[in-house]
Amino acid sequence: MLKDKIYNRESGLLFYGLTPPKNNVDPEKIQSIANKQIERLQGIEIDALILYDIQDESARTDVPRPFPYMSTLAPDEYEANYLQDLKVPKIIYKSVGKYPESVFRAWYSKLGKSVGANVFVGTPTPDQVNNLSLSDAYAIKKEINPTLPLGGVTIPERHAELKDEPQRIFYKIDNGCSFFVSQCVYNINNTKDFLSDYYYASLEQNRPLVPIIFTLTPCGSVKTLEFMEWLGVHVPKWLYNDLKNSNDILAQSVHACKNIAIEIIEYAKAKNIPIGFNIESVSIRKEEIDASIELLKEVKKLMEA
């Protein structure tokens, strides 16, 4: 179903995003974490579970990281060893620059059947060691498994600055990408500007529109808000002020995310742009994770309305 929906360029895809546990956690604790994540998602019809491959992005900015970087389990290892009881397709992110070609080739050749798609991610900065380029990863994927859906990353904030996101998307489509997942969005104007330019560029260049999956993330503390900004998420000043000074920042952020989803759905529907949503929590706090599950349910209702 996931593969068909992607290749048919359907609207309405719904994903949930998870970061695997830290790799210094003992296996019993990891299984306990996985069981809780499975329990939260049981009974909610989602099209796929996204599992991220975390990189240290400290070189991207001079601003100190609000939370210390700690490496996590590889997403494919977490999926294969701990999440098999969750019977939904898994979308495995892969930060391709971390791996020599031989290692990447061997990994891609052994992907399990429960993997429904991949998303390849490049290095955060040109200065970072890059063992394998995105273009080389695309070529290897095409050679080994050309039919498995491949996604790319799109960043509305980058488009607000560089104005070239549609061209980046079309380049990645030419290299095998058939859907895109955005960085977390809190700035609806940047998001709609990007969608508009993507739509009109597709008309000018006579290109089909592929699904854009917008990521929404509840924010339950000022620390989480600072971390999202550190990651490059742009929160408009008025919304930043409202969140920072709210008596219930988590409820306020969920309300903001729902409004963003409503605007994206309405704008995309008017132009027949295929879109969907990926809900995640960047925090490990139970309150924020629970809020992300509630947001997932609410966004599902919005898309089905």
# chains A, B, ... in the order shown; residues from 1 in each chain; ligands from 1
call {"tool": "select_by_dssp", "arguments": {"residues": "stretch 65-192 of chain A", "states": "strand (DSSP E)", "output": "number ranges by chain"}}
result
A: 90-95, 115-121, 150-154, 177-184
call {"tool": "residues_around", "arguments": {"residues": "A:Asn175", "least_positions_apart": "5", "cutoff": "8 Å", "atoms": "only C-alpha atoms", "output": "list of chain:residue names"}}
result
A:Ser135, A:Tyr138, A:Ala139
call {"tool": "closest_residue", "arguments": {"among": "A:Asp193, A:Val25, A:Leu148, A:Lys94", "to": "A:Asp164", "atoms": "only C-alpha atoms"}}
result
A:Asp193
call {"tool": "closest_atom_pairs", "arguments": {"of": "stretch 59-176 of chain A", "to": "stretch 5-14 of chain A", "cutoff": "12 Å", "atoms": "only C-alpha atoms", "output": "JSON lines"}}
result
{"residue": "A:Val88", "atom": "CA", "partner": "A:Leu14", "partner_atom": "CA", "distance": 11.6}
{"residue": "A:Pro89", "atom": "CA", "partner": "A:Leu14", "partner_atom": "CA", "distance": 11.7}
{"residue": "A:Ile91", "atom": "CA", "partner": "A:Leu14", "partner_atom": "CA", "distance": 12.0}
{"residue": "A:Gly116", "atom": "CA", "partner": "A:Ile6", "partner_atom": "CA", "distance": 10.5}
{"residue": "A:Ala117", "atom": "CA", "partner": "A:Ile6", "partner_atom": "CA", "distance": 9.7}
{"residue": "A:Thr147", "atom": "CA", "partner": "A:Tyr7", "partner_atom": "CA", "distance": 10.0}
{"residue": "A:Leu148", "atom": "CA", "partner": "A:Tyr7", "partner_atom": "CA", "distance": 10.2}
{"residue": "A:Pro149", "atom": "CA", "partner": "A:Ile6", "partner_atom": "CA", "distance": 7.4}
{"residue": "A:Leu150", "atom": "CA", "partner": "A:Ile6", "partner_atom": "CA", "distance": 9.5}
{"residue": "A:Gly151", "atom": "CA", "partner": "A:Ile6", "partner_atom": "CA", "distance": 9.6}
{"residue": "A:Ile173", "atom": "CA", "partner": "A:Tyr7", "partner_atom": "CA", "distance": 11.9}
{"residue": "A:Gly176", "atom": "CA", "partner": "A:Tyr7", "partner_atom": "CA", "distance": 11.3}
call {"tool": "write_last_selection", "arguments": {"atoms": "all heavy atoms", "output": "PDB file, in the first residue's frame"}}
result
ATOM      1  N   VAL A  88       3.695  -2.209  10.451  1.00  0.00           N
ATOM      2  CA  VAL A  88       3.552  -1.160   9.441  1.00  0.00           C
ATOM      3  C   VAL A  88       4.888  -1.057   8.702  1.00  0.00           C
ATOM      4  O   VAL A  88       5.928  -1.427   9.250  1.00  0.00           O
ATOM      5  CB  VAL A  88       3.183   0.212  10.059  1.00  0.00           C
ATOM      6  CG1 VAL A  88       1.846   0.140  10.774  1.00  0.00           C
ATOM      7  CG2 VAL A  88       4.276   0.707  10.998  1.00  0.00           C
ATOM      8  N   PRO A  89       4.872  -0.578   7.458  1.00  0.00           N
ATOM      9  CA  PRO A  89       6.144  -0.396   6.751  1.00  0.00           C
ATOM     10  C   PRO A  89       7.040   0.584   7.501  1.00  0.00           C
ATOM     11  O   PRO A  89       6.560   1.535   8.121  1.00  0.00           O
ATOM     12  CB  PRO A  89       5.713   0.170   5.394  1.00  0.00           C
ATOM     13  CG  PRO A  89       4.277  -0.209   5.249  1.00  0.00           C
ATOM     14  CD  PRO A  89       3.709  -0.215   6.622  1.00  0.00           C
ATOM     15  N   ILE A  91      10.225   3.306   7.218  1.00  0.00           N
ATOM     16  CA  ILE A  91      11.029   4.147   6.335  1.00  0.00           C
ATOM     17  C   ILE A  91      12.340   4.428   7.057  1.00  0.00           C
ATOM     18  O   ILE A  91      12.362   5.074   8.113  1.00  0.00           O
ATOM     19  CB  ILE A  91      10.309   5.463   5.987  1.00  0.00           C
ATOM     20  CG1 ILE A  91       9.012   5.166   5.227  1.00  0.00           C
ATOM     21  CG2 ILE A  91      11.216   6.376   5.154  1.00  0.00           C
ATOM     22  CD1 ILE A  91       8.167   6.403   4.919  1.00  0.00           C
ATOM     23  N   GLY A 116       9.865  -0.352   3.988  1.00  0.00           N
ATOM     24  CA  GLY A 116       9.008   0.045   2.880  1.00  0.00           C
ATOM     25  C   GLY A 116       9.582   1.132   2.010  1.00  0.00           C
ATOM     26  O   GLY A 116       9.123   1.345   0.884  1.00  0.00           O
ATOM     27  N   ALA A 117      10.606   1.837   2.517  1.00  0.00           N
ATOM     28  CA  ALA A 117      11.218   2.928   1.762  1.00  0.00           C
ATOM     29  C   ALA A 117      12.464   3.387   2.511  1.00  0.00           C
ATOM     30  O   ALA A 117      12.676   3.051   3.678  1.00  0.00           O
ATOM     31  CB  ALA A 117      10.248   4.099   1.588  1.00  0.00           C
ATOM     32  N   THR A 147      13.260  -0.667  -7.397  1.00  0.00           N
ATOM     33  CA  THR A 147      11.815  -0.547  -7.190  1.00  0.00           C
ATOM     34  C   THR A 147      11.436  -0.082  -5.788  1.00  0.00           C
ATOM     35  O   THR A 147      10.292   0.305  -5.561  1.00  0.00           O
ATOM     36  CB  THR A 147      11.110  -1.891  -7.471  1.00  0.00           C
ATOM     37  OG1 THR A 147      11.581  -2.876  -6.542  1.00  0.00           O
ATOM     38  CG2 THR A 147      11.399  -2.360  -8.892  1.00  0.00           C
ATOM     39  N   LEU A 148      12.365  -0.124  -4.826  1.00  0.00           N
ATOM     40  CA  LEU A 148      12.049   0.324  -3.474  1.00  0.00           C
ATOM     41  C   LEU A 148      11.924   1.845  -3.467  1.00  0.00           C
ATOM     42  O   LEU A 148      12.825   2.543  -3.935  1.00  0.00           O
ATOM     43  CB  LEU A 148      13.139  -0.105  -2.492  1.00  0.00           C
ATOM     44  CG  LEU A 148      12.867   0.182  -1.010  1.00  0.00           C
ATOM     45  CD1 LEU A 148      11.759  -0.721  -0.484  1.00  0.00           C
ATOM     46  CD2 LEU A 148      14.137  -0.008  -0.180  1.00  0.00           C
ATOM     47  N   PRO A 149      10.800   2.398  -2.951  1.00  0.00           N
ATOM     48  CA  PRO A 149      10.652   3.861  -2.948  1.00  0.00           C
ATOM     49  C   PRO A 149      11.782   4.552  -2.191  1.00  0.00           C
ATOM     50  O   PRO A 149      12.236   4.076  -1.143  1.00  0.00           O
ATOM     51  CB  PRO A 149       9.307   4.073  -2.250  1.00  0.00           C
ATOM     52  CG  PRO A 149       8.552   2.807  -2.475  1.00  0.00           C
ATOM     53  CD  PRO A 149       9.586   1.723  -2.447  1.00  0.00           C
ATOM     54  N   LEU A 150      12.212   5.666  -2.751  1.00  0.00           N
ATOM     55  CA  LEU A 150      13.284   6.462  -2.145  1.00  0.00           C
ATOM     56  C   LEU A 150      12.781   7.880  -1.922  1.00  0.00           C
ATOM     57  O   LEU A 150      12.185   8.490  -2.813  1.00  0.00           O
ATOM     58  CB  LEU A 150      14.509   6.491  -3.062  1.00  0.00           C
ATOM     59  CG  LEU A 150      15.682   7.348  -2.588  1.00  0.00           C
ATOM     60  CD1 LEU A 150      16.279   6.802  -1.291  1.00  0.00           C
ATOM     61  CD2 LEU A 150      16.765   7.429  -3.674  1.00  0.00           C
ATOM     62  N   GLY A 151      13.015   8.384  -0.719  1.00  0.00           N
ATOM     63  CA  GLY A 151      12.614   9.742  -0.388  1.00  0.00           C
ATOM     64  C   GLY A 151      13.813  10.666  -0.234  1.00  0.00           C
ATOM     65  O   GLY A 151      14.946  10.224  -0.054  1.00  0.00           O
ATOM     66  N   ILE A 173      14.423  13.951  -7.869  1.00  0.00           N
ATOM     67  CA  ILE A 173      13.469  13.113  -8.597  1.00  0.00           C
ATOM     68  C   ILE A 173      14.166  12.427  -9.768  1.00  0.00           C
ATOM     69  O   ILE A 173      13.986  11.229 -10.013  1.00  0.00           O
ATOM     70  CB  ILE A 173      12.265  13.943  -9.086  1.00  0.00           C
ATOM     71  CG1 ILE A 173      11.401  14.382  -7.894  1.00  0.00           C
ATOM     72  CG2 ILE A 173      11.425  13.140 -10.077  1.00  0.00           C
ATOM     73  CD1 ILE A 173      10.295  15.347  -8.265  1.00  0.00           C
ATOM     74  N   GLY A 176      15.904   9.372  -8.688  1.00  0.00           N
ATOM     75  CA  GLY A 176      15.172   8.253  -8.117  1.00  0.00           C
ATOM     76  C   GLY A 176      14.260   8.556  -6.953  1.00  0.00           C
ATOM     77  O   GLY A 176      13.556   7.660  -6.477  1.00  0.00           O
TER      78      GLY A 176
END
call {"tool": "residues_around", "arguments": {"residues": "A:Leu225", "least_positions_apart": "4", "cutoff": "9 Å", "atoms": "only C-alpha atoms", "output": "PDB file with N, CA and C atoms, in the first residue's frame"}}
result
ATOM      1  N   CYS A 219       5.986  21.066  20.973  1.00  0.00           N
ATOM      2  CA  CYS A 219       7.062  21.649  21.775  1.00  0.00           C
ATOM      3  C   CYS A 219       6.532  21.865  23.191  1.00  0.00           C
ATOM      4  N   GLY A 220       7.168  21.211  24.182  1.00  0.00           N
ATOM      5  CA  GLY A 220       6.643  21.260  25.536  1.00  0.00           C
ATOM      6  C   GLY A 220       7.466  22.037  26.535  1.00  0.00           C
ATOM      7  N   SER A 221       8.540  22.685  26.070  1.00  0.00           N
ATOM      8  CA  SER A 221       9.376  23.459  26.989  1.00  0.00           C
ATOM      9  C   SER A 221      10.188  24.469  26.204  1.00  0.00           C
ATOM     10  N   GLU A 229      15.059  25.463  17.242  1.00  0.00           N
ATOM     11  CA  GLU A 229      15.695  26.588  16.547  1.00  0.00           C
ATOM     12  C   GLU A 229      17.141  26.251  16.201  1.00  0.00           C
ATOM     13  N   TRP A 230      17.835  25.558  17.111  1.00  0.00           N
ATOM     14  CA  TRP A 230      19.215  25.164  16.843  1.00  0.00           C
ATOM     15  C   TRP A 230      19.280  24.238  15.624  1.00  0.00           C
ATOM     16  N   VAL A 235      10.811  29.573  13.860  1.00  0.00           N
ATOM     17  CA  VAL A 235       9.543  29.866  14.530  1.00  0.00           C
ATOM     18  C   VAL A 235       9.320  31.382  14.441  1.00  0.00           C
ATOM     19  N   TYR A 240       6.919  32.473  18.651  1.00  0.00           N
ATOM     20  CA  TYR A 240       7.970  32.213  19.644  1.00  0.00           C
ATOM     21  C   TYR A 240       7.626  32.902  20.965  1.00  0.00           C
ATOM     22  N   LEU A 243       4.643  31.105  22.639  1.00  0.00           N
ATOM     23  CA  LEU A 243       5.031  29.824  23.225  1.00  0.00           C
ATOM     24  C   LEU A 243       5.870  30.025  24.486  1.00  0.00           C
ATOM     25  N   LYS A 244       6.850  30.896  24.386  1.00  0.00           N
ATOM     26  CA  LYS A 244       7.775  31.110  25.500  1.00  0.00           C
ATOM     27  C   LYS A 244       7.062  31.629  26.745  1.00  0.00           C
TER      28      LYS A 244
END
call {"tool": "closest_residue", "arguments": {"among": "A:Thr191, A:Asn245, A:Ser283, A:Asn81", "to": "A:Thr154", "atoms": "only C-alpha atoms"}}
result
A:Thr191
call {"tool": "closest_residue", "arguments": {"among": "A:Leu2, A:Ile188, A:Ile273, A:Leu296", "to": "A:Pro211", "atoms": "only C-alpha atoms"}}
result
A:Ile273
call {"tool": "closest_residue", "arguments": {"among": "A:Glu101, A:Glu280, A:Glu266, A:Asp174", "to": "A:Lys192", "atoms": "only C-alpha atoms"}}
result
A:Glu266
call {"tool": "atom_distance", "arguments": {"atom1": "atom CA of A:Tyr16", "atom2": "atom CA of A:Ile46"}}
result
7.3 Å
call {"tool": "closest_residue", "arguments": {"among": "A:Val299, A:Ile275, A:Leu195, A:Ala160", "to": "A:His234", "atoms": "only C-alpha atoms"}}
result
A:Ala160
call {"tool": "residues_around", "arguments": {"residues": "A:Thr19", "least_positions_apart": "2", "cutoff": "10 Å", "atoms": "only C-alpha atoms", "output": "ChimeraX atom specification"}}
result
/A:17,21-22,50-54,72-75,78,280-284
call {"tool": "write_last_selection", "arguments": {"atoms": "N, CA and C atoms", "output": "PDB file, in the first residue's frame"}}
result
ATOM      1  N   GLY A  17       7.345   9.674  13.183  1.00  0.00           N
ATOM      2  CA  GLY A  17       8.806   9.627  13.191  1.00  0.00           C
ATOM      3  C   GLY A  17       9.376   9.341  14.561  1.00  0.00           C
ATOM      4  N   PRO A  21      16.759   4.631  20.302  1.00  0.00           N
ATOM      5  CA  PRO A  21      17.393   4.913  21.597  1.00  0.00           C
ATOM      6  C   PRO A  21      18.911   5.081  21.469  1.00  0.00           C
ATOM      7  N   LYS A  22      19.503   5.686  22.480  1.00  0.00           N
ATOM      8  CA  LYS A  22      20.963   5.838  22.526  1.00  0.00           C
ATOM      9  C   LYS A  22      21.620   4.459  22.499  1.00  0.00           C
ATOM     10  N   ILE A  50       8.704   6.251  10.407  1.00  0.00           N
ATOM     11  CA  ILE A  50      10.022   6.757  10.028  1.00  0.00           C
ATOM     12  C   ILE A  50      10.987   6.529  11.179  1.00  0.00           C
ATOM     13  N   LEU A  51      12.189   6.039  10.846  1.00  0.00           N
ATOM     14  CA  LEU A  51      13.257   5.868  11.831  1.00  0.00           C
ATOM     15  C   LEU A  51      14.468   6.662  11.368  1.00  0.00           C
ATOM     16  N   TYR A  52      14.883   7.621  12.197  1.00  0.00           N
ATOM     17  CA  TYR A  52      15.926   8.564  11.809  1.00  0.00           C
ATOM     18  C   TYR A  52      17.331   8.010  12.049  1.00  0.00           C
ATOM     19  N   ASP A  53      18.248   8.477  11.233  1.00  0.00           N
ATOM     20  CA  ASP A  53      19.677   8.204  11.394  1.00  0.00           C
ATOM     21  C   ASP A  53      20.320   9.519  11.824  1.00  0.00           C
ATOM     22  N   ILE A  54      20.616   9.650  13.117  1.00  0.00           N
ATOM     23  CA  ILE A  54      21.033  10.926  13.690  1.00  0.00           C
ATOM     24  C   ILE A  54      22.503  11.219  13.400  1.00  0.00           C
ATOM     25  N   THR A  72      23.064   7.191  18.457  1.00  0.00           N
ATOM     26  CA  THR A  72      21.924   6.297  18.654  1.00  0.00           C
ATOM     27  C   THR A  72      22.117   4.997  17.875  1.00  0.00           C
ATOM     28  N   LEU A  73      21.283   4.035  18.198  1.00  0.00           N
ATOM     29  CA  LEU A  73      21.274   2.803  17.412  1.00  0.00           C
ATOM     30  C   LEU A  73      21.004   3.116  15.942  1.00  0.00           C
ATOM     31  N   ALA A  74      21.594   2.323  15.068  1.00  0.00           N
ATOM     32  CA  ALA A  74      21.270   2.455  13.647  1.00  0.00           C
ATOM     33  C   ALA A  74      19.794   2.155  13.449  1.00  0.00           C
ATOM     34  N   PRO A  75      19.084   2.946  12.640  1.00  0.00           N
ATOM     35  CA  PRO A  75      17.637   2.752  12.495  1.00  0.00           C
ATOM     36  C   PRO A  75      17.248   1.370  11.971  1.00  0.00           C
ATOM     37  N   TYR A  78      17.548  -1.076  14.887  1.00  0.00           N
ATOM     38  CA  TYR A  78      16.436  -0.911  15.822  1.00  0.00           C
ATOM     39  C   TYR A  78      15.165  -1.535  15.250  1.00  0.00           C
ATOM     40  N   GLU A 280       6.224  13.851  14.861  1.00  0.00           N
ATOM     41  CA  GLU A 280       7.353  13.365  15.639  1.00  0.00           C
ATOM     42  C   GLU A 280       7.414  14.105  16.970  1.00  0.00           C
ATOM     43  N   SER A 281       8.254  13.606  17.862  1.00  0.00           N
ATOM     44  CA  SER A 281       8.613  14.327  19.081  1.00  0.00           C
ATOM     45  C   SER A 281      10.136  14.384  19.142  1.00  0.00           C
ATOM     46  N   VAL A 282      10.702  15.587  19.240  1.00  0.00           N
ATOM     47  CA  VAL A 282      12.159  15.693  19.357  1.00  0.00           C
ATOM     48  C   VAL A 282      12.597  15.518  20.802  1.00  0.00           C
ATOM     49  N   SER A 283      11.640  15.442  21.715  1.00  0.00           N
ATOM     50  CA  SER A 283      11.934  15.285  23.136  1.00  0.00           C
ATOM     51  C   SER A 283      11.630  13.848  23.569  1.00  0.00           C
ATOM     52  N   ILE A 284      12.318  13.393  24.623  1.00  0.00           N
ATOM     53  CA  ILE A 284      12.027  12.073  25.187  1.00  0.00           C
ATOM     54  C   ILE A 284      11.104  12.182  26.398  1.00  0.00           C
TER      55      ILE A 284
END
call {"tool": "atom_distance", "arguments": {"atom1": "atom CA of A:Gln183", "atom2": "atom CA of A:Val233"}}
result
7.4 Å
call {"tool": "atom_distance", "arguments": {"atom1": "atom CA of A:Glu226", "atom2": "atom CA of A:Ile265"}}
result
27.4 Å
call {"tool": "closest_residue", "arguments": {"among": "A:Leu216, A:Ile262, A:Ile293, A:Leu203", "to": "A:Gln42", "atoms": "only C-alpha atoms"}}
result
A:Ile293
call {"tool": "decode", "arguments": {"residues": "stretch 275-286 of chain A", "atoms": "all heavy atoms", "output": "mmCIF file, in the first residue's frame"}}
result
data_model
loop_
_atom_site.group_PDB
_atom_site.id
_atom_site.type_symbol
_atom_site.label_atom_id
_atom_site.label_comp_id
_atom_site.auth_asym_id
_atom_site.auth_seq_id
_atom_site.Cartn_x
_atom_site.Cartn_y
_atom_site.Cartn_z
ATOM 1 N N ILE A 275 0.158 16.054 -0.674
ATOM 2 C CA ILE A 275 0.890 16.305 0.578
ATOM 3 C C ILE A 275 0.463 15.280 1.629
ATOM 4 O O ILE A 275 -0.547 14.594 1.482
ATOM 5 C CB ILE A 275 0.662 17.744 1.112
ATOM 6 C CG1 ILE A 275 -0.832 18.033 1.347
ATOM 7 C CG2 ILE A 275 1.278 18.762 0.175
ATOM 8 C CD1 ILE A 275 -1.317 17.848 2.734
ATOM 9 N N GLY A 276 1.253 15.195 2.663
ATOM 10 C CA GLY A 276 0.931 14.357 3.808
ATOM 11 C C GLY A 276 1.653 14.915 5.012
ATOM 12 O O GLY A 276 2.247 16.003 4.951
ATOM 13 N N PHE A 277 1.632 14.173 6.110
ATOM 14 C CA PHE A 277 2.255 14.669 7.338
ATOM 15 C C PHE A 277 3.041 13.565 8.040
ATOM 16 O O PHE A 277 2.690 12.379 7.982
ATOM 17 C CB PHE A 277 1.192 15.226 8.289
ATOM 18 C CG PHE A 277 0.567 16.486 7.791
ATOM 19 C CD1 PHE A 277 -0.635 16.444 7.082
ATOM 20 C CD2 PHE A 277 1.184 17.718 7.987
ATOM 21 C CE1 PHE A 277 -1.208 17.603 6.591
ATOM 22 C CE2 PHE A 277 0.616 18.880 7.491
ATOM 23 C CZ PHE A 277 -0.583 18.826 6.796
ATOM 24 N N ASN A 278 4.098 13.994 8.683
ATOM 25 C CA ASN A 278 4.910 13.152 9.549
ATOM 26 C C ASN A 278 4.921 13.819 10.922
ATOM 27 O O ASN A 278 5.321 14.969 11.055
ATOM 28 C CB ASN A 278 6.342 13.058 8.997
ATOM 29 C CG ASN A 278 7.303 12.435 9.984
ATOM 30 O OD1 ASN A 278 7.004 11.419 10.602
ATOM 31 N ND2 ASN A 278 8.469 13.056 10.154
ATOM 32 N N ILE A 279 4.436 13.106 11.931
ATOM 33 C CA ILE A 279 4.388 13.644 13.286
ATOM 34 C C ILE A 279 5.525 13.031 14.089
ATOM 35 O O ILE A 279 5.761 11.818 14.023
ATOM 36 C CB ILE A 279 3.037 13.337 13.968
ATOM 37 C CG1 ILE A 279 1.867 13.677 13.029
ATOM 38 C CG2 ILE A 279 2.932 14.087 15.281
ATOM 39 C CD1 ILE A 279 1.799 15.112 12.589
ATOM 40 N N GLU A 280 6.224 13.851 14.861
ATOM 41 C CA GLU A 280 7.353 13.365 15.639
ATOM 42 C C GLU A 280 7.414 14.105 16.970
ATOM 43 O O GLU A 280 6.712 15.094 17.188
ATOM 44 C CB GLU A 280 8.666 13.596 14.885
ATOM 45 C CG GLU A 280 8.967 15.074 14.695
ATOM 46 C CD GLU A 280 10.319 15.380 14.084
ATOM 47 O OE1 GLU A 280 10.970 14.455 13.557
ATOM 48 O OE2 GLU A 280 10.726 16.556 14.134
ATOM 49 N N SER A 281 8.254 13.606 17.862
ATOM 50 C CA SER A 281 8.613 14.327 19.081
ATOM 51 C C SER A 281 10.136 14.384 19.142
ATOM 52 O O SER A 281 10.786 13.332 19.083
ATOM 53 C CB SER A 281 8.061 13.628 20.324
ATOM 54 O OG SER A 281 8.566 14.236 21.504
ATOM 55 N N VAL A 282 10.702 15.587 19.240
ATOM 56 C CA VAL A 282 12.159 15.693 19.357
ATOM 57 C C VAL A 282 12.597 15.518 20.802
ATOM 58 O O VAL A 282 13.781 15.459 21.098
ATOM 59 C CB VAL A 282 12.686 17.044 18.817
ATOM 60 C CG1 VAL A 282 12.351 17.195 17.354
ATOM 61 C CG2 VAL A 282 12.148 18.215 19.619
ATOM 62 N N SER A 283 11.640 15.442 21.715
ATOM 63 C CA SER A 283 11.934 15.285 23.136
ATOM 64 C C SER A 283 11.630 13.848 23.569
ATOM 65 O O SER A 283 10.790 13.169 22.980
ATOM 66 C CB SER A 283 11.077 16.254 23.963
ATOM 67 O OG SER A 283 11.153 15.970 25.343
ATOM 68 N N ILE A 284 12.318 13.393 24.623
ATOM 69 C CA ILE A 284 12.027 12.073 25.187
ATOM 70 C C ILE A 284 11.104 12.182 26.398
ATOM 71 O O ILE A 284 10.810 11.186 27.046
ATOM 72 C CB ILE A 284 13.322 11.333 25.573
ATOM 73 C CG1 ILE A 284 14.111 12.134 26.625
ATOM 74 C CG2 ILE A 284 14.165 11.049 24.338
ATOM 75 C CD1 ILE A 284 15.311 11.377 27.179
ATOM 76 N N ARG A 285 10.633 13.398 26.709
ATOM 77 C CA ARG A 285 9.700 13.583 27.819
ATOM 78 C C ARG A 285 8.349 12.963 27.462
ATOM 79 O O ARG A 285 7.833 13.144 26.356
ATOM 80 C CB ARG A 285 9.527 15.069 28.134
ATOM 81 C CG ARG A 285 10.768 15.734 28.701
ATOM 82 C CD ARG A 285 10.585 17.233 28.839
ATOM 83 N NE ARG A 285 9.521 17.549 29.793
ATOM 84 C CZ ARG A 285 8.482 18.326 29.504
ATOM 85 N NH1 ARG A 285 8.351 18.850 28.297
ATOM 86 N NH2 ARG A 285 7.583 18.587 30.433
ATOM 87 N N LYS A 286 7.780 12.212 28.416
ATOM 88 C CA LYS A 286 6.524 11.506 28.177
ATOM 89 C C LYS A 286 5.419 12.446 27.726
ATOM 90 O O LYS A 286 4.636 12.121 26.818
ATOM 91 C CB LYS A 286 6.095 10.764 29.448
ATOM 92 C CG LYS A 286 4.807 9.953 29.294
ATOM 93 C CD LYS A 286 4.437 9.247 30.573
ATOM 94 C CE LYS A 286 3.194 8.366 30.379
ATOM 95 N NZ LYS A 286 1.999 9.157 29.988
#
